[in-house]
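The block underneath contains the structure these notes are about, expressed in structure tokens.
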Amino acid sequence: MTGLLATAGWQVWGKAAGGSGSGQVPRAFSPWQMATLERACAASLEDADAAVVTARELDAHFATTGAEVAPDFALALAVMEFGHAGRRFSRLSLDEAAETLDAWARSKVGVRRQIAKALRDAARFTWFGREETWAALDYDGPWIR
């Protein structure tokens, strides 16, 4: 029984996942929340390298400007990580994570739809807000600087 409780605690706090794959200490989120955020960014952007950069930028944002809403975003990450039967979200393959986000976006449960939209919008807005990504979108940038 003690072993079962220890294993459950290990899973909940993210120790077994090894935390974020970026190797950087997160500022706003725990390592397991960063792993969830990176997987959600990878599924939203279909690019694992862009996901790491985007997750780091989002972590920095929520540690400073967005600190007021960071606990809400952290809760959304926890629901995404543990809110479906079977495996943790951060441990899904990229395809499985994308399918899960799609399913949540179409869910009849409003909270799931909101979480999927928040994660996708945050990832896409952060990544495509970077000037170096504009050429891929045929965007020349703002007219007024």
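Labeling convention for the structure tokens: chains A, B, ... as they appear, residues from 1 per chain, ligands from 1 in order of appearance.
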
Within 8 Å of stretch 125-137 of chain A using only C-alpha atoms, minus same-chain residues under 4 positions, as a ChimeraX atom specification: /A:50,54,57-58,121,141

Could you write those residues out with C-alpha atoms, as a PDB file, in the first residue's frame?
ATOM      1  CA  ALA A  50       9.577  25.503 -31.802  1.00  0.00           C
ATOM      2  CA  THR A  54       7.653  28.749 -27.172  1.00  0.00           C
ATOM      3  CA  GLU A  57       8.822  32.227 -23.659  1.00  0.00           C
ATOM      4  CA  LEU A  58       5.431  31.437 -22.132  1.00  0.00           C
ATOM      5  CA  ASP A 121      -3.770  30.086 -28.844  1.00  0.00           C
ATOM      6  CA  GLY A 141       5.422  42.950 -40.517  1.00  0.00           C
TER       7      GLY A 141
END

Please identify all polymer residues within 10 Å of A:Asp95, counting only C-alpha atoms, omitting same-chain residues fewer than 3 positions from it, and present them as a list in words.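 The neighbour list is Ala42, Ala43, Glu46, Leu92, Ala98, Glu99, Thr100 and Leu101 of chain A.
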
How would the residues just chosen look if you wrote them out with C-alpha atoms as a PDB file, in the first residue's frame?
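Saved as selection_13.pdb:
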ATOM      1  CA  ALA A  42       4.566  20.750 -30.007  1.00  0.00           C
ATOM      2  CA  ALA A  43       1.083  19.438 -30.828  1.00  0.00           C
ATOM      3  CA  GLU A  46       3.714  20.522 -35.151  1.00  0.00           C
ATOM      4  CA  LEU A  92       1.906  10.974 -25.355  1.00  0.00           C
ATOM      5  CA  ALA A  98      -2.442  16.464 -31.299  1.00  0.00           C
ATOM      6  CA  GLU A  99      -5.395  14.036 -31.392  1.00  0.00           C
ATOM      7  CA  THR A 100      -6.086  14.707 -27.706  1.00  0.00           C
ATOM      8  CA  LEU A 101      -6.032  18.483 -28.228  1.00  0.00           C
TER       9      LEU A 101
END

Counting only C-alpha atoms, the residue among A:Trp143, A:Gln24, A:Thr36, A:Ala123 that lies closest to A:Phe82 is A:Thr36

Selection: 12 Å around A:Ala118, only C-alpha atoms, excl. self and same-chain fewer than 3 positions, as a list in words: Leu37, Ala40, Cys41, Ser44, Asp72, Phe73, Ala74, Leu75, Ala76, Leu77, Met80, Leu101, Trp104, Ala105, Val111, Arg112, Arg113, Gln114, Ile115, Asp121, Ala122, Ala123, Arg124, Phe125 and Thr126 of chain A
